[in-house]
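Peer 1: Handing you this structure, nothing more for now.
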Amino acid sequence: MFNLPTTNIGGQELFVLEFGDIVAYFSPYTTALFVFALIFTALAIVSRPEKQMDIAFGGDAYYAKVVDPELMRFQRFMAIACGLATLGAMVTGDVFNFTLFASLVGITNIGIVAAYRNRHVLNAAFQYGIVAMLATVPLFGGAAIVVASTGTLSMWELFTGAVAVPLIAKAFLVLGVMGEGMAPFYVAKAEITRAQGAPFILMVHVSSLLLFLRVAEIVISM
Amino acid sequence: MDAATYSIGLVVVAIGLIVGFAAIIREKDDLHRILLTDLAEVLALVVIALVATDLAEALILPGLVVGISELMAVSEVYIAKEGLKAPEGPPFHIEVMDSAPGILALILVAYGIVLSGFTGGAVAAVGAVFYFMCRGHAEQFELIETVSGYAWAIWIAAFFVFMFLPAYWFFGVMMAGGAILIKVMAKMSLVGTMRRGGPNV
């Protein structure tokens, strides 16, 4: 019954999961992304926060930085939630669900970046939050234009040659994902790649990378 | 909606977006930027609403929820960033807050029950919120929570009626309408108690 109309990007579908008219699917491409996200979610679950030493320059003295368990727990929860949202975005077969998962990734990324008490980190998190909120405009706008011009949100319909998706909708989708996937830029800006609780920051990079790869597949196939 | 009207709507939204984004670029105060961002997000809901079908109606609610949760996250970051604390001192009080609540709450709750459903719950809840905000409160929160929980269970049961006993759809509609009324009202009336709450609010 289900045959992925375009096979040039994702390959044939391997497994199809049907929730009413929303049909999630695994093609070789999305399966690879899914497994990648799954590995990093598992890593976020099992990993322990990095403990850091500050060395007083010019002497033998050093002191250990304290990891606040409250913040660490919050950050780990957000990292796991981010992993789950990424998993959802990888397999969904519905454009609007993809945009919802993308904005969920955005929200959890705000949480991961915001779990610090430093003012400059919070500033970066705040600016990312503004960008992520603004990105929901083109993201939902793109999905709305898709449904207005084609009458469907299902990728199974949109990937066929019979349905033409306007260029502006594709551009909006990419623009929205760019906004939501902007988090690594702010991680670099706040210089927290190797801060306390370092392994959980990885999830920010993983999720935005996977979102970009997935939106490329969707936009090219449409 | 025909294509011409839709295009006009899109043009209006585009103008709104340009104005909103220009305002965000010019604004330097962080609090105002949050407010302007929320305004821009409303335009995303407008774009969805322009589709004007049942599907669009179903898409607006998740869009709204995502928008609100992002707004809450960014506001929390703002509070932490600025180190803001809840204000101390006696709450705001004027004379009309002693005389108006009874009658206004009565009218709103009665009208909400007539409306029933989600809208009715919201209208009735506005009455309850207003009453609690003005008059203070001394009720048991556990009771409200319990009622709200049962109402939610009835609401879910109504969906099972729709799915498994479609012949009894009218009964299901009545169950869902009444339960969601109580549910929304109970939840929102808790909001009204936040202002003069106990020691930890």
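Every chain in the structure tokens has a letter given in the order shown (A, B, ...), and although residue numbers restart at 1 in each chain, ligands are simply numbered from 1 in the order shown.
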For stretch 95-103 of chain B, find every residue with an atom within 9 Å (counting only C-alpha atoms), except residues of its own chain fewer than 3 positions away, and show them as a PyMOL selection string.

Peer 2: chain B and resi 106-108+127-128+130-135

Peer 1: Just asking: which residues within stretch 21-139 of chain A are strand (DSSP E) according to DSSP, as a ChimeraX atom specification?

Peer 2: /A:22-26,53-55,62-64

Peer 1: Write a file of the selected residues as a PDB file, in the first residue's frame, keeping C-alpha atoms.

Peer 2:
ATOM      1  CA  ILE A  22      -0.188  10.156   9.922  1.00  0.00           C
ATOM      2  CA  VAL A  23       2.255   7.581   8.629  1.00  0.00           C
ATOM      3  CA  ALA A  24       5.778   7.564  10.005  1.00  0.00           C
ATOM      4  CA  TYR A  25       8.367   5.786   7.886  1.00  0.00           C
ATOM      5  CA  PHE A  26      11.942   4.584   7.991  1.00  0.00           C
ATOM      6  CA  MET A  53      39.981  21.978  37.226  1.00  0.00           C
ATOM      7  CA  ASP A  54      41.131  25.561  37.150  1.00  0.00           C
ATOM      8  CA  ILE A  55      44.852  25.973  37.481  1.00  0.00           C
ATOM      9  CA  TYR A  62      44.435  24.451  41.384  1.00  0.00           C
ATOM     10  CA  TYR A  63      40.800  24.304  42.343  1.00  0.00           C
ATOM     11  CA  ALA A  64      37.953  22.079  41.222  1.00  0.00           C
TER      12      ALA A  64
END

Peer 1: If we count only C-alpha atoms and set the cut-off at 8 Å, which residues sit around B:Glu145, ignoring sequence neighbours fewer than 3 positions away in its own chain? Please answer as a list in words.

Peer 2: Phe141, Glu142, Ser148, Gly149, Ala186 and Lys187 of chain B

Peer 1: Take the residues from that selection and put them in a file with N, CA and C atoms, as an mmCIF file, in the first residue's frame.

Peer 2:
data_model
loop_
_atom_site.group_PDB
_atom_site.id
_atom_site.type_symbol
_atom_site.label_atom_id
_atom_site.label_comp_id
_atom_site.auth_asym_id
_atom_site.auth_seq_id
_atom_site.Cartn_x
_atom_site.Cartn_y
_atom_site.Cartn_z
ATOM 1 N N PHE B 141 -7.475 23.410 47.934
ATOM 2 C CA PHE B 141 -7.007 23.196 46.577
ATOM 3 C C PHE B 141 -7.182 21.739 46.172
ATOM 4 N N GLU B 142 -7.071 20.815 47.162
ATOM 5 C CA GLU B 142 -7.176 19.396 46.827
ATOM 6 C C GLU B 142 -8.531 19.109 46.199
ATOM 7 N N SER B 148 -11.282 18.536 39.088
ATOM 8 C CA SER B 148 -10.686 18.727 37.771
ATOM 9 C C SER B 148 -10.221 17.394 37.187
ATOM 10 N N GLY B 149 -9.641 16.548 38.059
ATOM 11 C CA GLY B 149 -9.176 15.238 37.600
ATOM 12 C C GLY B 149 -10.325 14.356 37.136
ATOM 13 N N ALA B 186 -11.984 24.835 36.591
ATOM 14 C CA ALA B 186 -11.215 24.522 37.798
ATOM 15 C C ALA B 186 -9.757 24.914 37.629
ATOM 16 N N LYS B 187 -9.199 24.604 36.460
ATOM 17 C CA LYS B 187 -7.785 24.930 36.232
ATOM 18 C C LYS B 187 -7.571 26.432 36.275
#

Peer 1: Counting only C-alpha atoms, collect the residues of chain B whose closest atom lies at most 9 Å from chain A, and write them out as a PyMOL selection string.

Peer 2: chain B and resi 6+17+21+30+33-34+37-38+40-52+55-56+59+62-63+66-67+69-71+73-75+77-78+80-82

Peer 1: Could you check how far atom CA of B:Tyr150 sits from atom CA of B:Asp54, in Å to one decimal?

Peer 2: 29.0 Å

Peer 1: Please report, as a PyMOL selection string, each residue of chain B to which DSSP assigns helix (DSSP H, G or I) when run on this structure's backbone.

Peer 2: chain B and resi 3-26+30-50+54-82+96-99+101-115+117-135+141-164+166-192

Peer 1: Keeping only C-alpha atoms, write the selected residues to a file as a compact mmCIF listing (two decimals), in the first residue's frame.

Peer 2:
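As a result, again.txt now contains:
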# COMPACT_ATOMS: atom_id res chain seq x y z
CA ALA B 3 -7.43 32.21 -3.94
CA ALA B 4 -7.68 36.00 -4.30
CA THR B 5 -8.78 36.51 -0.70
CA TYR B 6 -6.03 34.18 0.47
CA SER B 7 -3.40 36.17 -1.45
CA ILE B 8 -4.67 39.43 0.03
CA GLY B 9 -4.46 37.87 3.48
CA LEU B 10 -0.91 36.71 2.83
CA VAL B 11 0.10 40.20 1.68
CA VAL B 12 -1.37 41.70 4.86
CA VAL B 13 0.54 39.14 6.96
CA ALA B 14 3.74 39.90 5.04
CA ILE B 15 3.34 43.63 5.77
CA GLY B 16 2.71 42.78 9.44
CA LEU B 17 5.82 40.60 9.49
CA ILE B 18 7.98 43.32 7.96
CA VAL B 19 6.72 45.84 10.52
CA GLY B 20 7.21 43.39 13.39
CA PHE B 21 10.71 42.31 12.39
CA ALA B 22 11.77 45.93 11.78
CA ALA B 23 10.53 46.76 15.28
CA ILE B 24 12.48 43.84 16.78
CA ILE B 25 15.67 44.96 15.02
CA ARG B 26 15.27 48.54 16.27
CA ASP B 30 15.16 42.92 26.24
CA LEU B 31 11.72 42.91 27.86
CA HIS B 32 10.23 44.78 24.91
CA ARG B 33 11.92 42.37 22.54
CA ILE B 34 10.15 39.45 24.23
CA LEU B 35 6.82 41.21 23.79
CA LEU B 36 7.50 42.05 20.14
CA THR B 37 8.61 38.46 19.48
CA ASP B 38 5.34 37.22 20.90
CA LEU B 39 3.49 39.61 18.59
CA ALA B 40 5.43 38.23 15.61
CA GLU B 41 4.50 34.72 16.71
CA VAL B 42 0.81 35.63 16.56
CA LEU B 43 1.38 36.29 12.85
CA ALA B 44 2.46 32.65 12.42
CA LEU B 45 -0.94 31.64 13.85
CA VAL B 46 -2.58 34.10 11.43
CA VAL B 47 -0.84 32.39 8.49
CA ILE B 48 -2.21 29.04 9.69
CA ALA B 49 -5.65 30.55 10.28
CA LEU B 50 -5.72 31.91 6.71
CA ASP B 54 -11.01 22.34 9.90
CA LEU B 55 -7.41 21.17 9.57
CA ALA B 56 -6.15 24.71 10.16
CA GLU B 57 -8.21 24.84 13.34
CA ALA B 58 -6.54 21.65 14.50
CA LEU B 59 -3.09 23.09 13.70
CA ILE B 60 -3.57 26.38 15.53
CA LEU B 61 -3.79 24.79 18.98
CA PRO B 62 -0.38 23.02 18.87
CA GLY B 63 1.11 26.13 17.29
CA LEU B 64 -0.25 28.22 20.12
CA VAL B 65 1.02 25.77 22.76
CA VAL B 66 4.51 25.75 21.24
CA GLY B 67 4.51 29.54 21.09
CA ILE B 68 3.44 29.89 24.71
CA SER B 69 5.98 27.35 25.96
CA GLU B 70 8.79 29.12 24.09
CA LEU B 71 7.60 32.42 25.51
CA MET B 72 7.64 30.92 29.03
CA ALA B 73 11.13 29.49 28.53
CA VAL B 74 12.52 32.79 27.27
CA SER B 75 10.80 34.69 30.10
CA GLU B 76 12.37 32.32 32.66
CA VAL B 77 15.77 32.95 31.09
CA TYR B 78 15.09 36.70 31.26
CA ILE B 79 14.14 36.49 34.95
CA ALA B 80 17.28 34.49 35.74
CA LYS B 81 19.42 36.80 33.62
CA GLU B 82 18.21 39.99 35.27
CA VAL B 96 -14.54 48.48 43.23
CA MET B 97 -12.77 45.22 44.05
CA ASP B 98 -15.08 44.88 47.09
CA SER B 99 -18.36 45.64 45.35
CA PRO B 101 -16.86 40.58 42.17
CA GLY B 102 -20.08 38.98 43.40
CA ILE B 103 -22.40 40.10 40.64
CA LEU B 104 -19.82 39.97 37.83
CA ALA B 105 -18.67 36.46 38.77
CA LEU B 106 -22.31 35.32 38.98
CA ILE B 107 -23.11 36.66 35.49
CA LEU B 108 -19.96 35.23 33.91
CA VAL B 109 -20.30 31.79 35.51
CA ALA B 110 -24.01 31.56 34.57
CA TYR B 111 -23.28 32.61 30.98
CA GLY B 112 -20.37 30.15 30.82
CA ILE B 113 -22.61 27.29 31.89
CA VAL B 114 -25.10 28.26 29.17
CA LEU B 115 -22.29 28.26 26.57
CA GLY B 117 -17.72 23.32 26.38
CA PHE B 118 -14.27 24.89 26.13
CA THR B 119 -15.52 28.44 25.49
CA GLY B 120 -17.99 28.20 28.35
CA GLY B 121 -15.27 26.93 30.66
CA ALA B 122 -13.07 29.88 29.75
CA VAL B 123 -15.89 32.42 30.28
CA ALA B 124 -16.91 30.88 33.60
CA ALA B 125 -13.29 30.71 34.66
CA VAL B 126 -12.79 34.42 34.00
CA GLY B 127 -15.59 35.04 36.50
CA ALA B 128 -14.00 32.71 39.05
CA VAL B 129 -10.53 34.22 38.49
CA PHE B 130 -11.90 37.71 39.01
CA TYR B 131 -13.72 36.68 42.17
CA PHE B 132 -10.70 34.98 43.73
CA MET B 133 -8.37 37.83 42.78
CA CYS B 134 -10.60 40.44 44.42
CA ARG B 135 -11.99 38.62 47.43
CA PHE B 141 -7.01 23.20 46.58
CA GLU B 142 -7.18 19.40 46.83
CA LEU B 143 -10.93 19.54 46.22
CA ILE B 144 -10.55 21.65 43.07
CA GLU B 145 -7.79 19.38 41.83
CA THR B 146 -9.89 16.25 42.46
CA VAL B 147 -12.91 17.69 40.65
CA SER B 148 -10.69 18.73 37.77
CA GLY B 149 -9.18 15.24 37.60
CA TYR B 150 -12.58 13.52 37.51
CA ALA B 151 -13.74 15.99 34.84
CA TRP B 152 -10.73 15.08 32.73
CA ALA B 153 -11.47 11.38 33.12
CA ILE B 154 -15.08 11.96 32.03
CA TRP B 155 -13.82 13.92 29.04
CA ILE B 156 -11.60 11.02 27.99
CA ALA B 157 -14.48 8.57 28.56
CA ALA B 158 -16.57 10.70 26.19
CA PHE B 159 -13.95 10.12 23.49
CA PHE B 160 -14.22 6.37 24.06
CA VAL B 161 -17.97 6.71 23.58
CA PHE B 162 -17.32 8.40 20.23
CA MET B 163 -14.91 5.66 19.19
CA PHE B 164 -16.67 2.50 20.36
CA PRO B 166 -20.85 6.02 17.92
CA ALA B 167 -24.62 5.56 18.14
CA TYR B 168 -24.58 7.34 21.51
CA TRP B 169 -22.76 10.41 20.14
CA PHE B 170 -25.20 12.86 21.75
CA PHE B 171 -24.49 11.40 25.18
CA GLY B 172 -20.75 11.69 24.38
CA VAL B 173 -21.11 15.33 23.34
CA MET B 174 -22.93 16.14 26.56
CA MET B 175 -20.31 14.34 28.66
CA ALA B 176 -17.42 16.05 26.88
CA GLY B 177 -19.07 19.47 26.97
CA GLY B 178 -19.87 19.34 30.68
CA ALA B 179 -16.54 17.83 31.67
CA ILE B 180 -14.40 20.27 29.72
CA LEU B 181 -16.43 23.12 31.22
CA ILE B 182 -15.59 21.97 34.75
CA LYS B 183 -12.01 21.12 33.81
CA VAL B 184 -11.12 24.48 32.24
CA MET B 185 -12.95 26.37 34.96
CA ALA B 186 -11.22 24.52 37.80
CA LYS B 187 -7.79 24.93 36.23
CA MET B 188 -8.21 28.60 35.46
CA SER B 189 -9.73 29.49 38.82
CA LEU B 190 -6.45 28.32 40.38
CA VAL B 191 -4.84 31.18 38.45
CA GLY B 192 -6.98 33.65 40.36

Peer 1: With only C-alpha atoms counted and 9 Å as the cut-off, give the residues of stretch 63-120 of chain A in contact with stretch 198-205 of chain A, each with its shortest interatomic distance in Å and the pair that gives it, as JSON lines.

Peer 2:
{"residue": "A:Met72", "atom": "CA", "partner": "A:Phe200", "partner_atom": "CA", "distance": 9.0}
{"residue": "A:Gln75", "atom": "CA", "partner": "A:Phe200", "partner_atom": "CA", "distance": 6.8}
{"residue": "A:Arg76", "atom": "CA", "partner": "A:Phe200", "partner_atom": "CA", "distance": 6.2}
{"residue": "A:Met78", "atom": "CA", "partner": "A:Phe200", "partner_atom": "CA", "distance": 8.6}
{"residue": "A:Ala79", "atom": "CA", "partner": "A:Phe200", "partner_atom": "CA", "distance": 5.8}
{"residue": "A:Ile80", "atom": "CA", "partner": "A:Met203", "partner_atom": "CA", "distance": 8.3}
{"residue": "A:Cys82", "atom": "CA", "partner": "A:Met203", "partner_atom": "CA", "distance": 7.1}
{"residue": "A:Gly83", "atom": "CA", "partner": "A:Met203", "partner_atom": "CA", "distance": 6.9}
{"residue": "A:Val105", "atom": "CA", "partner": "A:Val204", "partner_atom": "CA", "distance": 8.6}
{"residue": "A:Thr108", "atom": "CA", "partner": "A:Val204", "partner_atom": "CA", "distance": 8.7}
{"residue": "A:Asn109", "atom": "CA", "partner": "A:Val204", "partner_atom": "CA", "distance": 6.0}
{"residue": "A:Ile112", "atom": "CA", "partner": "A:Ile201", "partner_atom": "CA", "distance": 6.8}
{"residue": "A:Val113", "atom": "CA", "partner": "A:Ile201", "partner_atom": "CA", "distance": 7.5}

Peer 1: Only N, CA and C atoms, please: the residues just picked out, written as a PDB file, in the first residue's frame.

Peer 2:
ATOM      1  N   MET A  72      22.482  20.324  36.791  1.00  0.00           N
ATOM      2  CA  MET A  72      22.930  19.182  36.000  1.00  0.00           C
ATOM      3  C   MET A  72      21.743  18.283  35.661  1.00  0.00           C
ATOM      4  N   GLN A  75      19.638  19.952  33.047  1.00  0.00           N
ATOM      5  CA  GLN A  75      20.284  19.916  31.741  1.00  0.00           C
ATOM      6  C   GLN A  75      20.214  18.517  31.140  1.00  0.00           C
ATOM      7  N   ARG A  76      20.379  17.499  31.980  1.00  0.00           N
ATOM      8  CA  ARG A  76      20.308  16.129  31.468  1.00  0.00           C
ATOM      9  C   ARG A  76      18.906  15.817  30.978  1.00  0.00           C
ATOM     10  N   MET A  78      16.726  17.954  29.860  1.00  0.00           N
ATOM     11  CA  MET A  78      16.517  18.676  28.614  1.00  0.00           C
ATOM     12  C   MET A  78      17.240  17.990  27.461  1.00  0.00           C
ATOM     13  N   ALA A  79      18.453  17.458  27.739  1.00  0.00           N
ATOM     14  CA  ALA A  79      19.207  16.780  26.675  1.00  0.00           C
ATOM     15  C   ALA A  79      18.453  15.534  26.214  1.00  0.00           C
ATOM     16  N   ILE A  80      17.885  14.775  27.180  1.00  0.00           N
ATOM     17  CA  ILE A  80      17.150  13.565  26.800  1.00  0.00           C
ATOM     18  C   ILE A  80      15.892  13.934  26.030  1.00  0.00           C
ATOM     19  N   CYS A  82      15.459  16.562  24.272  1.00  0.00           N
ATOM     20  CA  CYS A  82      15.908  17.024  22.957  1.00  0.00           C
ATOM     21  C   CYS A  82      16.168  15.819  22.054  1.00  0.00           C
ATOM     22  N   GLY A  83      16.776  14.770  22.623  1.00  0.00           N
ATOM     23  CA  GLY A  83      17.022  13.558  21.847  1.00  0.00           C
ATOM     24  C   GLY A  83      15.725  12.934  21.370  1.00  0.00           C
ATOM     25  N   VAL A 105      12.590  20.810  19.576  1.00  0.00           N
ATOM     26  CA  VAL A 105      14.053  20.803  19.677  1.00  0.00           C
ATOM     27  C   VAL A 105      14.550  22.190  20.073  1.00  0.00           C
ATOM     28  N   THR A 108      13.903  22.762  23.860  1.00  0.00           N
ATOM     29  CA  THR A 108      14.809  22.005  24.726  1.00  0.00           C
ATOM     30  C   THR A 108      16.229  22.531  24.606  1.00  0.00           C
ATOM     31  N   ASN A 109      16.596  23.034  23.416  1.00  0.00           N
ATOM     32  CA  ASN A 109      17.928  23.631  23.282  1.00  0.00           C
ATOM     33  C   ASN A 109      18.057  24.875  24.146  1.00  0.00           C
ATOM     34  N   ILE A 112      18.813  23.565  27.511  1.00  0.00           N
ATOM     35  CA  ILE A 112      20.186  23.072  27.691  1.00  0.00           C
ATOM     36  C   ILE A 112      21.149  24.238  27.849  1.00  0.00           C
ATOM     37  N   VAL A 113      20.988  25.251  26.997  1.00  0.00           N
ATOM     38  CA  VAL A 113      21.930  26.375  27.038  1.00  0.00           C
ATOM     39  C   VAL A 113      21.692  27.227  28.288  1.00  0.00           C
TER      40      VAL A 113
END

Peer 1: When you draw a straight line from atom CA of A:Thr31 to atom CA of A:Gly176, how long is it in Å?

Peer 2: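 So the two atoms, atom CA of A:Thr31 and atom CA of A:Gly176, lie 23.3 Å apart.
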
Peer 1: Smallest atom-to-atom distance to A:Val163: which of A:Thr41, A:Thr150, A:Ser208, A:Thr30, using only C-alpha atoms?

Peer 2: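 Looking at the shortest contact to A:Val163, the residue is A:Thr150.
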
Peer 1: Given the choices A:Phe57, A:Phe19, A:Phe36, A:Tyr29, which gets closest to A:Thr86 if the distance is worked out from only C-alpha atoms?

Peer 2: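 Distance minimum relative to A:Thr86 lands on A:Phe36.
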
Peer 1: Enter the distance from atom CA of A:Ala32 to atom CA of A:Leu210, in Å, rounded to one decimal.

Peer 2: 10.1 Å
